[in-house]
Amino acid sequence: MRVSAQQILDQFPQLLKLFKGTPEASATQPSSIDNIQPESLVFVPPSPESLEKALQSQAQILVVPSSLTQKKELFSNHTPPCILTTPNSYLAMALVNHHFFPIEPLRRTPADEPLIHPSAHIHPSATIGKGVSIRAGATVGPNVIIENHCIIGENAVIDSGAYIGHDTHIHPLVFVAHHVRIGAHCEVHPHSTLGTEGYGYAQDSQRNSFRIPHYGTLIIEDHVHIGAGVHIDRGTFENSRIGAGTKIDNHCHIGHNNQIGKNCLITAGFISAGSAKIGNHCIFGGRCSVNGHISITDNCIFAPLSAITNNITKPGKYGGYPVIDFNEHRKSLVLVNHLPQMKKTLNKIKSWIAKKEGERL
């Protein structure tokens, strides 16, 4: 498919503007700055070196950060067919590529294959919408509802009473537990489990453990992305919930009764104990941990490896264990590198004091 710069400008007039060249220039594919292909569309990172490399390439359309276009001298020697400018390169890349070069058609069942594979196991009481693709070995249990244009990947299991909203993609080897509700336009990657029972046990005087039944379920709202190897527990009595627009990276665990708000970004290795409540628009760096039964307000950002053990009531940036203001956390990290030398210096001071005390005696 060939896409012109004019088509891009027409689709995203608030995000992209024509800077140089002709809007009739067109590209057949996007490509990375590290491996620029001829006839391609390139999103240039915000560095003069990247721009220089892109300008010397055979790319047809460059999308350049607004900060670089202020340096007119960078464009004096080379002029590709078209240069667009944007204040947000990553957003432009996400929206333009998704709209004009979507991966989704590659996932659809080929025209010469049945939408529902003969080896799929579908209970007679299940309701399957229009255009739903159910791949080889998938299992759909009793009273499941799958809305229009969903994809259920190979060997996925959709347990009894579950609901999946329209245009949702369940990748191979995903387990969706009974009565879990997944919204529209969601995506769940392989080896993830949604709505399994949480880690809840009661012990008697002999330290024997007895599992606590979980009567709640898990509700995943619209436009949620769930990576590979993610495990989200259902609620004990009330429902666990993942808010609309939240994106969860690979290898995360979210405990029972968790309430996670809208449009959060949760990166790899995140672990949350049970009954945590996380507000809207929160961002967690890699391998963050959240203690159980705590509350985090809206609009918080946590540095990688942070451990949140107390309620966070004020929006802001945090880091460390226990978490502190991000700027203070950054200062403490710098100081850690100096600790060995500080210890040597302290030992020298102690030796000098001891020597002086000995001379005085």
# chains A, B, ... in the order shown; residues from 1 in each chain; ligands from 1

call {"tool": "residues_around", "arguments": {"residues": "Val96 in chain A", "least_positions_apart": "6", "cutoff": "12 Å", "atoms": "only C-alpha atoms", "output": "count of residues only"}}
result
23

call {"tool": "residues_around", "arguments": {"residues": "His231 in chain A", "least_positions_apart": "5", "cutoff": "7 Å", "atoms": "only C-alpha atoms", "output": "ChimeraX atom specification"}}
result
/A:192-194,252-254

call {"tool": "residues_around", "arguments": {"residues": "Asn310 in chain A", "least_positions_apart": "5", "cutoff": "12 Å", "atoms": "only C-alpha atoms", "output": "list in words"}}
result
Ala276, Lys277, Ser289, Val290, Asn291, Gly292, His293, Ile294, Ser295, Ile296, Thr297, Tyr321, Pro322, Val323 and Ile324 of chain A

call {"tool": "atom_distance", "arguments": {"atom1": "CA of Lys130 in chain A", "atom2": "CA of Glu147 in chain A"}}
result
7.3 Å

call {"tool": "closest_residue", "arguments": {"among": "A:Phe101, A:Ser66, A:Gly274, A:Arg360", "to": "Ala27 in chain A", "atoms": "only C-alpha atoms"}}
result
A:Phe101

call {"tool": "closest_residue", "arguments": {"among": "A:Ser47, A:Thr246, A:Ser306, A:Asn77", "to": "Asn280 in chain A", "atoms": "only C-alpha atoms"}}
result
A:Thr246

call {"tool": "closest_residue", "arguments": {"among": "A:Val224, A:Ala156, A:Ile103, A:Ile146", "to": "Ile260 in chain A", "atoms": "only C-alpha atoms"}}
result
A:Val224

call {"tool": "atom_distance", "arguments": {"atom1": "CA of Ile266 in chain A", "atom2": "CA of Asp249 in chain A"}}
result
6.0 Å

call {"tool": "select_by_dssp", "arguments": {"residues": "range 204-354 of chain A", "states": "helix (DSSP H, G or I)", "output": "JSON list (two decimals) with N, CA and C atoms, in the first residue's frame"}}
result
[["chain", "number", "residue", "atom", "x", "y", "z"],
["A", 326, "PHE", "N", 10.85, 11.96, 43.76],
["A", 326, "PHE", "CA", 11.77, 11.46, 42.74],
["A", 326, "PHE", "C", 13.11, 12.20, 42.75],
["A", 327, "ASN", "N", 13.09, 13.51, 42.91],
["A", 327, "ASN", "CA", 14.35, 14.26, 42.92],
["A", 327, "ASN", "C", 15.23, 13.85, 44.09],
["A", 328, "GLU", "N", 14.62, 13.62, 45.26],
["A", 328, "GLU", "CA", 15.40, 13.14, 46.41],
["A", 328, "GLU", "C", 15.91, 11.72, 46.17],
["A", 329, "HIS", "N", 15.08, 10.92, 45.53],
["A", 329, "HIS", "CA", 15.49, 9.55, 45.20],
["A", 329, "HIS", "C", 16.70, 9.56, 44.27],
["A", 330, "ARG", "N", 16.69, 10.45, 43.28],
["A", 330, "ARG", "CA", 17.80, 10.53, 42.34],
["A", 330, "ARG", "C", 19.08, 10.97, 43.05],
["A", 331, "LYS", "N", 18.97, 11.91, 43.96],
["A", 331, "LYS", "CA", 20.14, 12.35, 44.73],
["A", 331, "LYS", "C", 20.71, 11.19, 45.56],
["A", 332, "SER", "N", 19.82, 10.40, 46.15],
["A", 332, "SER", "CA", 20.29, 9.29, 46.98],
["A", 332, "SER", "C", 21.01, 8.24, 46.15],
["A", 333, "LEU", "N", 20.56, 8.04, 44.91],
["A", 333, "LEU", "CA", 21.24, 7.09, 44.04],
["A", 333, "LEU", "C", 22.66, 7.55, 43.72],
["A", 334, "VAL", "N", 22.82, 8.85, 43.52],
["A", 334, "VAL", "CA", 24.15, 9.40, 43.26],
["A", 334, "VAL", "C", 25.05, 9.20, 44.48],
["A", 335, "LEU", "N", 24.51, 9.42, 45.67],
["A", 335, "LEU", "CA", 25.31, 9.29, 46.89],
["A", 335, "LEU", "C", 25.77, 7.86, 47.12],
["A", 336, "VAL", "N", 24.96, 6.88, 46.70],
["A", 336, "VAL", "CA", 25.32, 5.47, 46.92],
["A", 336, "VAL", "C", 26.66, 5.15, 46.27],
["A", 337, "ASN", "N", 26.93, 5.72, 45.11],
["A", 337, "ASN", "CA", 28.19, 5.46, 44.42],
["A", 337, "ASN", "C", 29.41, 5.96, 45.20],
["A", 338, "HIS", "N", 29.18, 6.92, 46.07],
["A", 338, "HIS", "CA", 30.28, 7.49, 46.84],
["A", 338, "HIS", "C", 30.48, 6.82, 48.21],
["A", 339, "LEU", "N", 29.61, 5.89, 48.56],
["A", 339, "LEU", "CA", 29.69, 5.28, 49.89],
["A", 339, "LEU", "C", 31.02, 4.58, 50.17],
["A", 340, "PRO", "N", 31.60, 3.79, 49.23],
["A", 340, "PRO", "CA", 32.89, 3.15, 49.53],
["A", 340, "PRO", "C", 33.99, 4.16, 49.87],
["A", 341, "GLN", "N", 34.07, 5.24, 49.09],
["A", 341, "GLN", "CA", 35.09, 6.24, 49.37],
["A", 341, "GLN", "C", 34.80, 6.96, 50.68],
["A", 342, "MET", "N", 33.52, 7.23, 50.97],
["A", 342, "MET", "CA", 33.14, 7.87, 52.22],
["A", 342, "MET", "C", 33.53, 7.00, 53.41],
["A", 343, "LYS", "N", 33.36, 5.68, 53.25],
["A", 343, "LYS", "CA", 33.74, 4.76, 54.34],
["A", 343, "LYS", "C", 35.25, 4.79, 54.57],
["A", 344, "LYS", "N", 36.03, 4.79, 53.47],
["A", 344, "LYS", "CA", 37.49, 4.88, 53.62],
["A", 344, "LYS", "C", 37.89, 6.17, 54.33],
["A", 345, "THR", "N", 37.28, 7.26, 53.91],
["A", 345, "THR", "CA", 37.60, 8.56, 54.53],
["A", 345, "THR", "C", 37.23, 8.56, 56.00],
["A", 346, "LEU", "N", 36.07, 8.00, 56.34],
["A", 346, "LEU", "CA", 35.64, 7.94, 57.73],
["A", 346, "LEU", "C", 36.61, 7.11, 58.56],
["A", 347, "ASN", "N", 37.06, 5.98, 58.00],
["A", 347, "ASN", "CA", 38.02, 5.14, 58.74],
["A", 347, "ASN", "C", 39.33, 5.89, 58.99],
["A", 348, "LYS", "N", 39.76, 6.69, 58.00],
["A", 348, "LYS", "CA", 40.98, 7.48, 58.18],
["A", 348, "LYS", "C", 40.79, 8.51, 59.30],
["A", 349, "ILE", "N", 39.61, 9.13, 59.32],
["A", 349, "ILE", "CA", 39.33, 10.13, 60.36],
["A", 349, "ILE", "C", 39.32, 9.46, 61.73],
["A", 350, "LYS", "N", 38.68, 8.28, 61.82],
["A", 350, "LYS", "CA", 38.63, 7.56, 63.09],
["A", 350, "LYS", "C", 40.04, 7.18, 63.56],
["A", 351, "SER", "N", 40.88, 6.73, 62.60],
["A", 351, "SER", "CA", 42.26, 6.36, 62.96],
["A", 351, "SER", "C", 43.03, 7.58, 63.45],
["A", 352, "TRP", "N", 42.84, 8.72, 62.79],
["A", 352, "TRP", "CA", 43.53, 9.95, 63.17],
["A", 352, "TRP", "C", 43.10, 10.40, 64.56],
["A", 353, "ILE", "N", 41.77, 10.30, 64.84],
["A", 353, "ILE", "CA", 41.27, 10.68, 66.18],
["A", 353, "ILE", "C", 41.83, 9.75, 67.24],
["A", 354, "ALA", "N", 41.84, 8.43, 66.93],
["A", 354, "ALA", "CA", 42.38, 7.48, 67.89],
["A", 354, "ALA", "C", 43.85, 7.74, 68.17]]

call {"tool": "residues_around", "arguments": {"residues": "Lys20 in chain A", "least_positions_apart": "2", "cutoff": "7 Å", "atoms": "only C-alpha atoms", "output": "number ranges by chain"}}
result
A: 18, 22, 82-83

call {"tool": "residues_around", "arguments": {"residues": "Asn250 in chain A", "least_positions_apart": "2", "cutoff": "10 Å", "atoms": "only C-alpha atoms", "output": "list in words"}}
result
His189, Pro190, His191, Ser192, Ile226, Gly227, Ala228, Gly229, Val230, His231, Ile248, Cys252, His253, Ile266, Thr267, Ala268, Gly269 and Phe270 of chain A

call {"tool": "write_last_selection", "arguments": {"atoms": "N, CA and C atoms", "output": "mmCIF file, in the first residue's frame"}}
result
data_model
loop_
_atom_site.group_PDB
_atom_site.id
_atom_site.type_symbol
_atom_site.label_atom_id
_atom_site.label_comp_id
_atom_site.auth_asym_id
_atom_site.auth_seq_id
_atom_site.Cartn_x
_atom_site.Cartn_y
_atom_site.Cartn_z
ATOM 1 N N HIS A 189 -2.101 -11.038 25.171
ATOM 2 C CA HIS A 189 -1.038 -11.796 24.520
ATOM 3 C C HIS A 189 -0.848 -13.178 25.165
ATOM 4 N N PRO A 190 -0.069 -14.056 24.509
ATOM 5 C CA PRO A 190 0.004 -15.454 24.930
ATOM 6 C C PRO A 190 0.464 -15.664 26.371
ATOM 7 N N HIS A 191 0.013 -16.792 26.914
ATOM 8 C CA HIS A 191 0.413 -17.283 28.235
ATOM 9 C C HIS A 191 -0.056 -16.381 29.376
ATOM 10 N N SER A 192 -1.066 -15.591 29.136
ATOM 11 C CA SER A 192 -1.651 -14.788 30.211
ATOM 12 C C SER A 192 -2.886 -15.487 30.762
ATOM 13 N N ILE A 226 -2.979 -6.184 27.329
ATOM 14 C CA ILE A 226 -2.361 -7.057 28.323
ATOM 15 C C ILE A 226 -1.272 -7.869 27.625
ATOM 16 N N GLY A 227 -0.050 -7.756 28.111
ATOM 17 C CA GLY A 227 1.086 -8.404 27.477
ATOM 18 C C GLY A 227 1.136 -9.903 27.729
ATOM 19 N N ALA A 228 2.264 -10.505 27.367
ATOM 20 C CA ALA A 228 2.459 -11.942 27.522
ATOM 21 C C ALA A 228 2.859 -12.284 28.960
ATOM 22 N N GLY A 229 2.381 -13.423 29.446
ATOM 23 C CA GLY A 229 2.759 -13.876 30.779
ATOM 24 C C GLY A 229 2.255 -12.990 31.893
ATOM 25 N N VAL A 230 1.066 -12.422 31.727
ATOM 26 C CA VAL A 230 0.459 -11.567 32.751
ATOM 27 C C VAL A 230 -0.607 -12.374 33.486
ATOM 28 N N HIS A 231 -0.662 -12.208 34.813
ATOM 29 C CA HIS A 231 -1.620 -12.964 35.623
ATOM 30 C C HIS A 231 -2.407 -11.983 36.500
ATOM 31 N N ILE A 248 -0.746 -2.921 29.984
ATOM 32 C CA ILE A 248 0.043 -3.734 30.904
ATOM 33 C C ILE A 248 1.093 -4.504 30.112
ATOM 34 N N CYS A 252 3.690 -9.487 34.383
ATOM 35 C CA CYS A 252 3.166 -8.731 35.524
ATOM 36 C C CYS A 252 2.191 -9.602 36.301
ATOM 37 N N HIS A 253 2.100 -9.344 37.605
ATOM 38 C CA HIS A 253 1.115 -10.030 38.450
ATOM 39 C C HIS A 253 0.282 -8.987 39.190
ATOM 40 N N ILE A 266 1.685 0.274 32.837
ATOM 41 C CA ILE A 266 2.304 -0.636 33.796
ATOM 42 C C ILE A 266 3.335 -1.468 33.052
ATOM 43 N N THR A 267 4.618 -1.259 33.353
ATOM 44 C CA THR A 267 5.664 -1.909 32.579
ATOM 45 C C THR A 267 6.130 -3.210 33.232
ATOM 46 N N ALA A 268 7.008 -3.919 32.528
ATOM 47 C CA ALA A 268 7.328 -5.315 32.830
ATOM 48 C C ALA A 268 7.788 -5.534 34.264
ATOM 49 N N GLY A 269 7.378 -6.673 34.819
ATOM 50 C CA GLY A 269 7.808 -7.064 36.151
ATOM 51 C C GLY A 269 7.005 -6.477 37.282
ATOM 52 N N PHE A 270 5.957 -5.738 36.986
ATOM 53 C CA PHE A 270 5.111 -5.134 38.023
ATOM 54 C C PHE A 270 4.430 -6.222 38.856
#

call {"tool": "atom_distance", "arguments": {"atom1": "CA of Thr168 in chain A", "atom2": "CA of His117 in chain A"}}
result
18.0 Å

call {"tool": "residues_around", "arguments": {"residues": "Glu197 in chain A", "least_positions_apart": "2", "cutoff": "8 Å", "atoms": "only C-alpha atoms", "output": "list in words"}}
result
Gly195, Tyr199, Pro213, His214, Asp233, Arg234, Gly235, Thr236 and His256 of chain A

call {"tool": "write_last_selection", "arguments": {"atoms": "N, CA and C atoms", "output": "short mmCIF file (atom, residue, chain, number, x, y, z; two decimals), in the first residue's frame"}}
result
data_model
loop_
_atom_site.label_atom_id
_atom_site.label_comp_id
_atom_site.auth_asym_id
_atom_site.auth_seq_id
_atom_site.Cartn_x
_atom_site.Cartn_y
_atom_site.Cartn_z
N GLY A 195 -8.41 -13.78 35.66
CA GLY A 195 -9.51 -14.17 36.53
C GLY A 195 -9.34 -15.45 37.30
N TYR A 199 -4.35 -15.51 45.82
CA TYR A 199 -3.58 -16.25 46.82
C TYR A 199 -4.17 -15.92 48.19
N PRO A 213 -12.44 -19.22 49.20
CA PRO A 213 -13.12 -19.15 47.90
C PRO A 213 -13.22 -17.71 47.40
N HIS A 214 -13.18 -17.56 46.08
CA HIS A 214 -13.28 -16.25 45.45
C HIS A 214 -14.59 -16.18 44.67
N ASP A 233 -5.71 -11.69 39.08
CA ASP A 233 -6.63 -12.47 39.90
C ASP A 233 -8.02 -11.86 39.94
N ARG A 234 -9.01 -12.69 40.19
CA ARG A 234 -10.38 -12.24 40.39
C ARG A 234 -10.55 -11.75 41.83
N GLY A 235 -11.69 -11.17 42.15
CA GLY A 235 -11.93 -10.68 43.50
C GLY A 235 -12.44 -11.75 44.44
N THR A 236 -12.25 -11.51 45.74
CA THR A 236 -12.73 -12.46 46.74
C THR A 236 -14.25 -12.40 46.86
N HIS A 256 -5.61 -10.28 43.81
CA HIS A 256 -7.06 -10.23 43.91
C HIS A 256 -7.55 -8.91 44.52
#

call {"tool": "select_by_dssp", "arguments": {"residues": "range 61-259 of chain A", "states": "strand (DSSP E)", "output": "PyMOL selection string"}}
result
chain A and resi 61-65+82-86+121-122+127-128+133-134+139-140+145-146+151-152+157-158+163-164+169-170+175-176+181-182+187-188+193-196+201-203+209-211+218-220+225-226+231-233+240-242+247-248+253-254+259
